[in-house]
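Here's the structure we're looking at; comments come further down.
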Amino acid sequence: MKLIIIIASVLSLMTVVMTLFADSPQKSVLDFTMKNIEGEDVPLSMYKGKVIMIVNVASKCGLTPQYEGLQKLYEKYEERGLIILGFPANNFNNQEPGTDEEIKGFCTKNYGVTFPMFSKISVKGDDIDDLYTFLTSEKTNPGFSGEIAWNFNKFLIDRTGKVIYRFEPKVKPESDEVIMAVEYALSE
């Protein structure tokens, strides 16, 4: 009888622990799996050990030429461990209305984008993607939280998946501010 009580207690404790872990918030960007622009699941954990820049992008925005700066930044620092991840979003004045296929074609044809692009998501509002809920949450990213203001908001993530900088949309990828932050992150 004692053995049955002990086994039941252990199973009960295991259930509680598993429930706690299942309900616990994401601990880093690396805990997410996202669909790439071809519709395939990509665990962001594959970028562990790299410095990641996550950018919500759009094709019909006054800031769309930032694709060129992002591509140059990627080319300059890719060998040192920088990866840029583009997440198309149609949250601002219908500036990303295209399908994933159309977006991919636009980025390749007009800006020669070779950094990874992902399937279109929502970065704010009632249908916000879990990744952007995490990125903009005060609970998970104090100091870098707050709603996305517009297209081309940039989050810089360290090699362990922690947000270390946030750049507002008008801060260009080639700005001294971004270059210094990338250099710092890559030196860590």
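Naming works like this for the structure tokens: A, B, ... for the chains as they're shown, residue 1 at the start of each chain, ligands 1 onward in shown order.
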Nearby residues (only C-alpha atoms) at most 12 Å from Ser137 in chain A, same-chain spacing under 3 positions excluded, as an MDAnalysis selection string
chainID A and resid 25:28 124 128 130:134 140:148 163
Generate the output file for the selected residues, C-alpha atoms, as a PDB file, in the first residue's frame.
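Contents of out_21.pdb, as written:
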ATOM      1  CA  PRO A  25       6.595  31.674 -21.043  1.00  0.00           C
ATOM      2  CA  GLN A  26       9.188  31.395 -23.758  1.00  0.00           C
ATOM      3  CA  LYS A  27      12.637  32.082 -22.343  1.00  0.00           C
ATOM      4  CA  SER A  28      14.328  33.301 -25.508  1.00  0.00           C
ATOM      5  CA  LYS A 124       0.623  43.868 -33.353  1.00  0.00           C
ATOM      6  CA  ILE A 128      -0.140  39.310 -33.018  1.00  0.00           C
ATOM      7  CA  ASP A 130       3.623  34.758 -30.410  1.00  0.00           C
ATOM      8  CA  LEU A 131       7.170  35.751 -31.415  1.00  0.00           C
ATOM      9  CA  TYR A 132       6.214  39.430 -31.460  1.00  0.00           C
ATOM     10  CA  THR A 133       4.216  39.076 -28.250  1.00  0.00           C
ATOM     11  CA  PHE A 134       7.468  37.835 -26.724  1.00  0.00           C
ATOM     12  CA  THR A 140      10.232  39.085 -21.184  1.00  0.00           C
ATOM     13  CA  ASN A 141      12.158  42.077 -22.544  1.00  0.00           C
ATOM     14  CA  PRO A 142      12.244  44.940 -20.054  1.00  0.00           C
ATOM     15  CA  GLY A 143      13.742  48.017 -21.630  1.00  0.00           C
ATOM     16  CA  PHE A 144      13.028  46.812 -25.171  1.00  0.00           C
ATOM     17  CA  SER A 145       9.281  46.306 -24.878  1.00  0.00           C
ATOM     18  CA  GLY A 146       6.350  48.196 -26.305  1.00  0.00           C
ATOM     19  CA  GLU A 147       4.107  47.922 -29.322  1.00  0.00           C
ATOM     20  CA  ILE A 148       5.667  47.929 -32.787  1.00  0.00           C
ATOM     21  CA  VAL A 163      17.147  40.735 -26.862  1.00  0.00           C
TER      22      VAL A 163
END
Practice item. Taking the DSSP assignment computed from this structure's backbone, write out as number ranges by chain all residues of range 20-56 of chain A that belong to alpha helix (DSSP H). Key: A: 20-23
Please save N, CA and C atoms of the selected residues as an mmCIF file, in the first residue's frame.
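Output file out-v6.cif is given in full below:
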data_model
loop_
_atom_site.group_PDB
_atom_site.id
_atom_site.type_symbol
_atom_site.label_atom_id
_atom_site.label_comp_id
_atom_site.auth_asym_id
_atom_site.auth_seq_id
_atom_site.Cartn_x
_atom_site.Cartn_y
_atom_site.Cartn_z
ATOM 1 N N LEU A 20 3.585 23.089 -15.114
ATOM 2 C CA LEU A 20 4.300 24.348 -14.913
ATOM 3 C C LEU A 20 5.190 24.678 -16.103
ATOM 4 N N PHE A 21 5.922 23.685 -16.597
ATOM 5 C CA PHE A 21 6.799 23.920 -17.738
ATOM 6 C C PHE A 21 6.003 24.190 -19.001
ATOM 7 N N ALA A 22 4.894 23.516 -19.176
ATOM 8 C CA ALA A 22 4.076 23.717 -20.371
ATOM 9 C C ALA A 22 3.495 25.121 -20.402
ATOM 10 N N ASP A 23 3.156 25.674 -19.233
ATOM 11 C CA ASP A 23 2.551 26.993 -19.174
ATOM 12 C C ASP A 23 3.576 28.113 -19.013
#
Can you pull out every residue from range 1-171 of chain A that DSSP, working from the backbone, puts in strand (DSSP E or B), and format the result as a PyMOL selection string?
chain A and resi 33-36+41-43+51-57+82-89+117-118+121+154-157+163-167
Using only C-alpha atoms, the shortest atom-to-atom distance to Arg166 in chain A among A:Thr136, A:Lys109, A:Gly69, A:Lys104 belongs to A:Thr136
Shortest contact to Glu183 in chain A, candidates A:Gly81, A:Pro65, A:Pro169, A:Gly49, atoms counted only C-alpha atoms, goes to A:Gly81
Restricting to only C-alpha atoms, whichever of A:Lys60, A:Lys48, A:Lys154, A:Lys139 is closest to Ala181 in chain A is A:Lys154
Residues within 12 Å of Ser175 in chain A, only C-alpha atoms, excluding chain neighbours under 5 positions, as JSON, numbers by chain:
{"A": [66, 69, 70, 72, 73, 167, 168, 169, 170, 180, 181, 182]}
Deliver the residues from the most recent selection as a file, using N, CA and C atoms, as a PDB file, in the first residue's frame.
ATOM      1  N   GLN A  66      15.132  50.218 -46.946  1.00  0.00           N
ATOM      2  CA  GLN A  66      15.996  49.662 -45.900  1.00  0.00           C
ATOM      3  C   GLN A  66      16.375  48.213 -46.202  1.00  0.00           C
ATOM      4  N   GLY A  69      19.951  48.286 -47.172  1.00  0.00           N
ATOM      5  CA  GLY A  69      20.862  48.390 -46.034  1.00  0.00           C
ATOM      6  C   GLY A  69      20.944  47.104 -45.235  1.00  0.00           C
ATOM      7  N   LEU A  70      19.812  46.429 -45.068  1.00  0.00           N
ATOM      8  CA  LEU A  70      19.804  45.151 -44.352  1.00  0.00           C
ATOM      9  C   LEU A  70      20.639  44.118 -45.100  1.00  0.00           C
ATOM     10  N   LYS A  72      23.137  44.673 -47.189  1.00  0.00           N
ATOM     11  CA  LYS A  72      24.560  45.036 -47.069  1.00  0.00           C
ATOM     12  C   LYS A  72      25.101  44.681 -45.692  1.00  0.00           C
ATOM     13  N   LEU A  73      24.319  44.926 -44.651  1.00  0.00           N
ATOM     14  CA  LEU A  73      24.710  44.582 -43.285  1.00  0.00           C
ATOM     15  C   LEU A  73      24.920  43.075 -43.169  1.00  0.00           C
ATOM     16  N   PHE A 167      15.821  48.879 -32.268  1.00  0.00           N
ATOM     17  CA  PHE A 167      15.958  50.085 -33.076  1.00  0.00           C
ATOM     18  C   PHE A 167      14.620  50.391 -33.718  1.00  0.00           C
ATOM     19  N   GLU A 168      14.187  51.627 -33.585  1.00  0.00           N
ATOM     20  CA  GLU A 168      12.912  52.036 -34.154  1.00  0.00           C
ATOM     21  C   GLU A 168      13.017  52.100 -35.680  1.00  0.00           C
ATOM     22  N   PRO A 169      11.878  52.123 -36.371  1.00  0.00           N
ATOM     23  CA  PRO A 169      11.862  51.994 -37.824  1.00  0.00           C
ATOM     24  C   PRO A 169      12.764  52.961 -38.604  1.00  0.00           C
ATOM     25  N   LYS A 170      12.847  54.206 -38.202  1.00  0.00           N
ATOM     26  CA  LYS A 170      13.622  55.176 -38.989  1.00  0.00           C
ATOM     27  C   LYS A 170      15.132  55.041 -38.798  1.00  0.00           C
ATOM     28  N   MET A 180      27.522  49.889 -34.486  1.00  0.00           N
ATOM     29  CA  MET A 180      28.194  49.740 -33.188  1.00  0.00           C
ATOM     30  C   MET A 180      27.564  48.610 -32.377  1.00  0.00           C
ATOM     31  N   ALA A 181      26.231  48.512 -32.382  1.00  0.00           N
ATOM     32  CA  ALA A 181      25.544  47.458 -31.629  1.00  0.00           C
ATOM     33  C   ALA A 181      25.871  46.076 -32.200  1.00  0.00           C
ATOM     34  N   VAL A 182      25.899  45.963 -33.518  1.00  0.00           N
ATOM     35  CA  VAL A 182      26.219  44.684 -34.160  1.00  0.00           C
ATOM     36  C   VAL A 182      27.656  44.292 -33.842  1.00  0.00           C
TER      37      VAL A 182
END
For Val29 in chain A, work out the shell of residues within 7 Å, counting only C-alpha atoms and skipping chain neighbours fewer than 4 positions away, then give it as a count of residues only. 3
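In this model, the gap between CA of Ile179 in chain A and CA of Glu79 in chain A comes to 15.2 Å.
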